[in-house]
file structure19.cif (mmCIF, C-alpha atoms)
data_target
loop_
_atom_site.group_PDB
_atom_site.id
_atom_site.type_symbol
_atom_site.label_atom_id
_atom_site.label_comp_id
_atom_site.auth_asym_id
_atom_site.auth_seq_id
_atom_site.Cartn_x
_atom_site.Cartn_y
_atom_site.Cartn_z
ATOM 1 C CA MET T 1 0.000 0.000 0.000
ATOM 2 C CA THR T 2 1.255 3.487 -0.847
ATOM 3 C CA ALA T 3 2.185 5.497 2.235
ATOM 4 C CA ALA T 4 -0.081 8.410 3.083
ATOM 5 C CA ILE T 5 1.283 11.848 2.278
ATOM 6 C CA ARG T 6 1.887 14.192 5.189
ATOM 7 C CA VAL T 7 0.503 17.723 4.838
ATOM 8 C CA LEU T 8 1.025 20.977 6.736
ATOM 9 C CA VAL T 9 -1.771 23.542 6.335
ATOM 10 C CA VAL T 10 -0.860 27.228 6.825
ATOM 11 C CA ASP T 11 -3.863 29.588 6.843
ATOM 12 C CA ASP T 12 -4.770 32.441 9.186
ATOM 13 C CA HIS T 13 -8.544 31.815 9.131
ATOM 14 C CA PRO T 14 -9.538 29.339 11.893
ATOM 15 C CA ALA T 15 -12.627 28.130 10.033
ATOM 16 C CA VAL T 16 -10.591 27.476 6.882
ATOM 17 C CA ARG T 17 -7.916 25.565 8.811
ATOM 18 C CA THR T 18 -10.515 23.481 10.608
ATOM 19 C CA GLY T 19 -12.460 22.795 7.441
ATOM 20 C CA MET T 20 -9.375 21.814 5.430
ATOM 21 C CA HIS T 21 -8.113 19.627 8.258
ATOM 22 C CA ALA T 22 -11.428 17.770 8.479
ATOM 23 C CA MET T 23 -11.789 17.380 4.710
ATOM 24 C CA LEU T 24 -8.226 16.188 4.120
ATOM 25 C CA GLU T 25 -8.296 13.735 7.030
ATOM 26 C CA ARG T 26 -11.281 12.015 5.413
ATOM 27 C CA ASP T 27 -8.967 11.012 2.581
ATOM 28 C CA PRO T 28 -7.217 7.757 3.560
ATOM 29 C CA GLY T 29 -4.151 8.760 1.571
ATOM 30 C CA ILE T 30 -3.535 11.998 3.470
ATOM 31 C CA VAL T 31 -2.400 12.763 7.017
ATOM 32 C CA VAL T 32 -2.539 16.351 8.275
ATOM 33 C CA ALA T 33 0.711 16.549 10.219
ATOM 34 C CA ALA T 34 -0.031 20.015 11.634
ATOM 35 C CA THR T 35 -1.716 23.339 10.990
ATOM 36 C CA ALA T 36 -0.353 26.864 11.439
ATOM 37 C CA ALA T 37 -2.069 30.244 11.524
ATOM 38 C CA THR T 38 0.916 32.326 10.426
ATOM 39 C CA GLY T 39 4.228 32.095 8.659
ATOM 40 C CA GLY T 40 5.893 32.565 12.038
ATOM 41 C CA GLU T 41 4.159 29.491 13.425
ATOM 42 C CA ALA T 42 5.221 27.465 10.401
ATOM 43 C CA HIS T 43 8.847 28.558 10.863
ATOM 44 C CA THR T 44 8.754 27.721 14.565
ATOM 45 C CA MET T 45 7.246 24.248 14.178
ATOM 46 C CA TRP T 46 9.326 23.218 11.149
ATOM 47 C CA PRO T 47 12.315 21.750 13.087
ATOM 48 C CA ALA T 48 9.946 19.424 14.973
ATOM 49 C CA LEU T 49 8.297 18.335 11.736
ATOM 50 C CA GLU T 50 11.626 17.392 10.166
ATOM 51 C CA GLY T 51 11.688 14.247 12.310
ATOM 52 C CA ALA T 52 8.786 12.913 10.233
ATOM 53 C CA PRO T 53 9.092 15.002 7.078
ATOM 54 C CA VAL T 54 6.094 16.770 5.590
ATOM 55 C CA ASP T 55 5.508 15.935 1.927
ATOM 56 C CA VAL T 56 3.360 18.944 0.979
ATOM 57 C CA VAL T 57 2.664 22.329 2.563
ATOM 58 C CA LEU T 58 -0.557 24.139 1.649
ATOM 59 C CA VAL T 59 0.209 27.852 2.100
ATOM 60 C CA ASP T 60 -2.314 30.689 2.016
ATOM 61 C CA HIS T 61 -1.237 33.407 -0.425
ATOM 62 C CA HIS T 62 -1.932 36.180 2.101
ATOM 63 C CA LEU T 63 -0.740 35.586 5.653
ATOM 64 C CA PRO T 64 -0.845 38.261 8.380
ATOM 65 C CA ASP T 65 2.905 38.265 9.027
ATOM 66 C CA GLU T 66 4.456 37.093 5.768
ATOM 67 C CA ASP T 67 3.763 36.893 2.065
ATOM 68 C CA GLY T 68 2.842 33.306 1.211
ATOM 69 C CA PHE T 69 5.371 33.204 -1.613
ATOM 70 C CA SER T 70 8.248 34.111 0.701
ATOM 71 C CA LEU T 71 7.274 31.280 3.046
ATOM 72 C CA CYS T 72 7.102 29.028 -0.015
ATOM 73 C CA LEU T 73 10.639 29.926 -1.093
ATOM 74 C CA TRP T 74 11.945 29.389 2.433
ATOM 75 C CA LEU T 75 10.295 25.957 2.551
ATOM 76 C CA THR T 76 11.519 24.868 -0.862
ATOM 77 C CA THR T 77 15.109 25.693 0.097
ATOM 78 C CA ARG T 78 14.978 23.323 3.093
ATOM 79 C CA GLU T 79 16.697 19.946 2.969
ATOM 80 C CA PRO T 80 14.728 17.854 2.358
ATOM 81 C CA ALA T 81 12.303 20.269 0.723
ATOM 82 C CA PRO T 82 8.552 19.695 0.714
ATOM 83 C CA ALA T 83 6.340 20.438 -2.247
ATOM 84 C CA VAL T 84 4.341 23.637 -1.738
ATOM 85 C CA VAL T 85 0.863 24.473 -3.032
ATOM 86 C CA ILE T 86 -0.233 28.106 -2.849
ATOM 87 C CA ALA T 87 -3.895 28.597 -1.910
ATOM 88 C CA ALA T 88 -5.210 31.817 -3.434
ATOM 89 C CA ALA T 89 -8.614 33.401 -3.987
ATOM 90 C CA THR T 90 -8.278 32.535 -7.675
ATOM 91 C CA ALA T 91 -5.611 30.795 -9.740
ATOM 92 C CA ASP T 92 -4.831 34.097 -11.443
ATOM 93 C CA GLU T 93 -2.264 34.067 -14.240
ATOM 94 C CA ALA T 94 -0.455 36.909 -12.479
ATOM 95 C CA LEU T 95 0.528 34.544 -9.658
ATOM 96 C CA ALA T 96 2.303 32.092 -11.937
ATOM 97 C CA LEU T 97 5.704 33.784 -12.226
ATOM 98 C CA PRO T 98 6.082 34.629 -8.514
ATOM 99 C CA ALA T 99 5.010 31.051 -7.774
ATOM 100 C CA ALA T 100 7.661 29.689 -10.140
ATOM 101 C CA VAL T 101 10.386 31.826 -8.542
ATOM 102 C CA ALA T 102 9.255 30.682 -5.088
ATOM 103 C CA GLY T 103 9.393 27.030 -6.161
ATOM 104 C CA ALA T 104 5.663 26.326 -5.803
ATOM 105 C CA SER T 105 4.286 23.168 -7.371
ATOM 106 C CA ALA T 106 0.793 24.542 -7.935
ATOM 107 C CA VAL T 107 -1.611 27.404 -7.318
ATOM 108 C CA TRP T 108 -4.967 26.162 -6.033
ATOM 109 C CA ALA T 109 -8.024 28.417 -6.194
ATOM 110 C CA LYS T 110 -10.054 28.499 -2.989
ATOM 111 C CA THR T 111 -13.131 29.155 -5.116
ATOM 112 C CA SER T 112 -12.726 25.803 -6.895
ATOM 113 C CA ASP T 113 -14.341 22.531 -5.797
ATOM 114 C CA PRO T 114 -12.652 21.693 -2.475
ATOM 115 C CA HIS T 115 -13.008 17.983 -3.180
ATOM 116 C CA GLY T 116 -10.342 18.398 -5.850
ATOM 117 C CA LEU T 117 -7.739 19.571 -3.326
ATOM 118 C CA PRO T 118 -6.532 16.090 -2.259
ATOM 119 C CA GLY T 119 -5.711 15.315 -5.882
ATOM 120 C CA VAL T 120 -3.766 18.571 -6.199
ATOM 121 C CA LEU T 121 -1.751 17.746 -3.074
ATOM 122 C CA ARG T 122 -1.042 14.192 -4.231
ATOM 123 C CA ALA T 123 0.119 15.447 -7.629
ATOM 124 C CA ALA T 124 2.442 17.941 -5.936
ATOM 125 C CA ALA T 125 3.853 15.221 -3.689
ATOM 126 C CA GLU T 126 4.612 13.166 -6.797
ATOM 127 C CA GLY T 127 6.576 16.038 -8.324
ATOM 128 C CA GLU T 128 3.975 17.326 -10.764
ATOM 129 C CA ARG T 129 3.649 21.068 -11.420
ATOM 130 C CA ASP T 130 0.427 22.907 -12.227
ATOM 131 C CA LEU T 131 0.955 26.670 -12.442
ATOM 132 C CA PRO T 132 -1.456 28.950 -14.314
ATOM 133 C CA PRO T 133 -0.586 29.839 -17.927
ATOM 134 C CA VAL T 134 0.670 33.401 -18.388
ATOM 135 C CA SER T 135 -0.515 35.720 -21.160
ATOM 136 C CA PRO T 136 2.141 37.730 -23.035
ATOM 137 C CA SER T 137 0.800 41.017 -21.631
ATOM 138 C CA VAL T 138 0.983 40.008 -17.962
ATOM 139 C CA GLY T 139 4.272 38.191 -18.464
ATOM 140 C CA ALA T 140 5.819 41.253 -20.096
ATOM 141 C CA VAL T 141 4.804 43.546 -17.210
ATOM 142 C CA GLN T 142 6.291 41.208 -14.627
ATOM 143 C CA ALA T 143 9.464 40.423 -16.574
ATOM 144 C CA ALA T 144 10.101 44.149 -17.091
ATOM 145 C CA ARG T 145 10.578 44.509 -13.331
ATOM 146 C CA LEU T 146 13.555 42.173 -13.352
ATOM 147 C CA SER T 147 17.108 42.773 -14.504
ATOM 148 C CA SER T 148 18.147 41.192 -17.777
ATOM 149 C CA ASP T 149 20.488 38.864 -15.853
ATOM 150 C CA ASP T 150 17.500 37.409 -13.994
ATOM 151 C CA LEU T 151 15.417 36.594 -17.069
ATOM 152 C CA PRO T 152 17.220 33.298 -17.848
ATOM 153 C CA ILE T 153 16.634 32.230 -14.239
ATOM 154 C CA LEU T 154 12.950 33.126 -14.529
ATOM 155 C CA GLY T 155 12.618 31.189 -17.757
ATOM 156 C CA MET T 156 14.242 28.066 -16.374
ATOM 157 C CA LEU T 157 12.242 28.157 -13.137
ATOM 158 C CA ARG T 158 9.047 28.634 -15.126
ATOM 159 C CA ASN T 159 9.906 25.525 -17.140
ATOM 160 C CA GLY T 160 10.552 23.432 -14.047
ATOM 161 C CA VAL T 161 14.348 23.273 -14.216
ATOM 162 C CA ALA T 162 15.794 22.304 -10.843
ATOM 163 C CA PRO T 163 17.785 25.020 -9.009
ATOM 164 C CA ALA T 164 20.924 22.858 -8.958
ATOM 165 C CA GLU T 165 20.757 22.510 -12.735
ATOM 166 C CA ILE T 166 20.160 26.264 -13.137
ATOM 167 C CA ALA T 167 23.221 27.062 -11.018
ATOM 168 C CA ALA T 168 25.326 24.648 -13.040
ATOM 169 C CA THR T 169 24.050 26.039 -16.344
ATOM 170 C CA LEU T 170 24.799 29.640 -15.346
ATOM 171 C CA GLY T 171 28.063 28.803 -13.625
ATOM 172 C CA VAL T 172 27.029 30.309 -10.290
ATOM 173 C CA LYS T 173 27.095 28.942 -6.774
ATOM 174 C CA ALA T 174 23.897 27.704 -5.157
ATOM 175 C CA ALA T 175 24.124 30.510 -2.594
ATOM 176 C CA GLU T 176 24.228 33.167 -5.307
ATOM 177 C CA LEU T 177 21.251 31.647 -7.085
ATOM 178 C CA ALA T 178 19.299 31.533 -3.818
ATOM 179 C CA ALA T 179 20.043 35.208 -3.139
ATOM 180 C CA ARG T 180 18.980 36.182 -6.639
ATOM 181 C CA ARG T 181 15.714 34.275 -6.280
ATOM 182 C CA TRP T 182 14.951 36.153 -3.045
ATOM 183 C CA ALA T 183 15.606 39.450 -4.804
ATOM 184 C CA MET T 184 13.452 38.441 -7.775
ATOM 185 C CA LEU T 185 10.614 37.405 -5.496
ATOM 186 C CA GLU T 186 10.689 40.692 -3.634
ATOM 187 C CA VAL T 187 10.483 42.590 -6.931
ATOM 188 C CA LEU T 188 7.587 40.440 -8.125
ATOM 189 C CA SER T 189 5.704 40.545 -4.817
ATOM 190 C CA GLY T 190 3.677 43.676 -5.531
ATOM 191 C CA SER T 191 0.578 43.946 -7.645
ATOM 192 C CA PRO T 192 1.193 41.497 -10.488
ATOM 193 C CA ARG T 193 -0.015 44.048 -13.010
ATOM 194 C CA GLY T 194 2.408 46.683 -11.820
ATOM 195 C CA ASP T 195 0.015 49.195 -10.250
ATOM 196 C CA ASP T 196 1.320 49.323 -6.687
ATOM 197 C CA ARG T 197 4.375 48.787 -4.528
ATOM 198 C CA PRO T 198 5.723 45.370 -3.554
ATOM 199 C CA ARG T 199 4.180 43.788 -0.477
ATOM 200 C CA ALA T 200 6.371 43.776 2.601
ATOM 201 C CA MET T 201 7.942 40.502 3.739
ATOM 202 C CA PRO T 202 8.580 41.354 7.408
ATOM 203 C CA ARG T 203 8.999 37.802 8.672
ATOM 204 C CA ILE T 204 11.752 36.916 6.200
ATOM 205 C CA GLN T 205 13.433 40.284 6.738
ATOM 206 C CA THR T 206 13.455 39.633 10.496
ATOM 207 C CA ILE T 207 14.990 36.201 9.957
ATOM 208 C CA ARG T 208 17.552 37.727 7.627
ATOM 209 C CA ARG T 209 18.694 40.185 10.290
ATOM 210 C CA ALA T 210 18.801 37.581 13.052
ATOM 211 C CA PHE T 211 20.234 34.687 11.061
ATOM 212 C CA PRO T 212 22.069 35.970 7.972
ATOM 213 C CA SER T 213 22.560 33.017 5.613
ATOM 214 C CA THR T 214 22.495 32.160 1.947
ATOM 215 C CA ALA T 215 18.981 30.768 2.355
ATOM 216 C CA THR T 216 17.424 34.028 3.531
ATOM 217 C CA THR T 217 19.641 36.779 2.219
ATOM 218 C CA SER T 218 18.800 38.950 -0.763
ATOM 219 C CA PRO T 219 21.350 41.566 -1.852
ATOM 220 C CA ARG T 220 18.531 43.915 -2.884
ATOM 221 C CA TRP T 221 16.905 44.064 0.519
ATOM 222 C CA SER T 222 17.616 47.096 2.668
#
call {"tool": "encode", "arguments": {"input": "structure19.cif", "output": "structure tokens"}}
result
Amino acid sequence: MTAAIRVLVVDDHPAVRTGMHAMLERDPGIVVAATAATGGEAHTMWPALEGAPVDVVLVDHHLPDEDGFSLCLWLTTREPAPAVVIAAATADEALALPAAVAGASAVWAKTSDPHGLPGVLRAAAEGERDLPPVSPSVGAVQAARLSSDDLPILGMLRNGVAPAEIAATLGVKAAELAARRWAMLEVLSGSPRGDDRPRAMPRIQTIRRAFPSTATTSPRWS
């Protein structure tokens, strides 16, 4: 029998957490390892969860203390790294490129049939990717925010190339690639159509100041 996948649910709405927990636990192939209300809680509990690794983390796009994509990138740079599914109001095309930079496996729309969520999580655990398609107009607006040196990285991440292979292809160290991804994500974290400022990522910035490392440092952060 195939082992059940272990899932961490991160969402700040108590009713949503409770409902997802109950729904997912009804699936015999899924075990909800834990739930968290904030990015901070997820960071705090992660060392304890590493003893029995989580296969997939379902992360709300908007958390009260941290952008969901920044938590996603932090999670996908762990060792071993879980798959991450971003839960958003809609699977908007404008979320696809930030999701790719953050290493997300999928963007799941909360407005879709919730009974389809277990299948999305299983697919992510098996290494499948399901990010929204991006129209040329939205893609051009987002890509224009990045430096020309970052565009090859964006393209490879969008096409599912593993970070280790990207670093080898570009001839850069893993630490440099990680830092560039953090910088790219910060640039892309504002309104995806370019009509406001980037959202703050206070939790990751706090971690950066307290624990400077290649996994949480972006050279473009102040």
call {"tool": "closest_residue", "arguments": {"input": "structure19.cif", "among": "T:Ser70, T:Asn159, T:Ser148, T:Ser135", "to": "Arg181 in chain T", "atoms": "all atoms listed in the file"}}
result
T:Ser70
call {"tool": "residues_around", "arguments": {"input": "structure19.cif", "residues": "Gly51 in chain T", "least_positions_apart": "6", "cutoff": "12 Å", "atoms": "all atoms listed in the file", "output": "PyMOL selection string"}}
result
chain T and resi 33+45+80
call {"tool": "closest_residue", "arguments": {"input": "structure19.cif", "among": "T:Ala179, T:Ala83, T:Leu188, T:Val101", "to": "Val141 in chain T", "atoms": "all atoms listed in the file"}}
result
T:Leu188
call {"tool": "resolve_selection", "arguments": {"input": "structure19.cif", "expression": "the PyMOL selection byres ((chain T and resi 111) around 9)", "output": "number ranges by chain"}}
result
T: 88-91, 108-110, 112-114
call {"tool": "closest_residue", "arguments": {"input": "structure19.cif", "among": "T:Arg26, T:Pro64, T:Leu121, T:Ala94", "to": "Val9 in chain T", "atoms": "only C-alpha atoms"}}
result
T:Leu121
call {"tool": "residues_around", "arguments": {"input": "structure19.cif", "residues": "range 18-23 of chain T", "least_positions_apart": "2", "cutoff": "10 Å", "atoms": "all atoms listed in the file", "output": "PyMOL selection string"}}
result
chain T and resi 7-9+11+13-16+25-27+30-35+58+114-115+117-118
call {"tool": "resolve_selection", "arguments": {"input": "structure19.cif", "expression": "the PyMOL selection byres ((chain T and resi 86) around 7)", "output": "list in words"}}
result
Leu58, Val59, Asp60, His61, Val84, Val85, Ala87, Ala88, Ala104, Ala106, Val107 and Trp108 of chain T
call {"tool": "atom_distance", "arguments": {"input": "structure19.cif", "atom1": "CA of Gly103 in chain T", "atom2": "CA of Cys72 in chain T"}}
result
6.9 Å
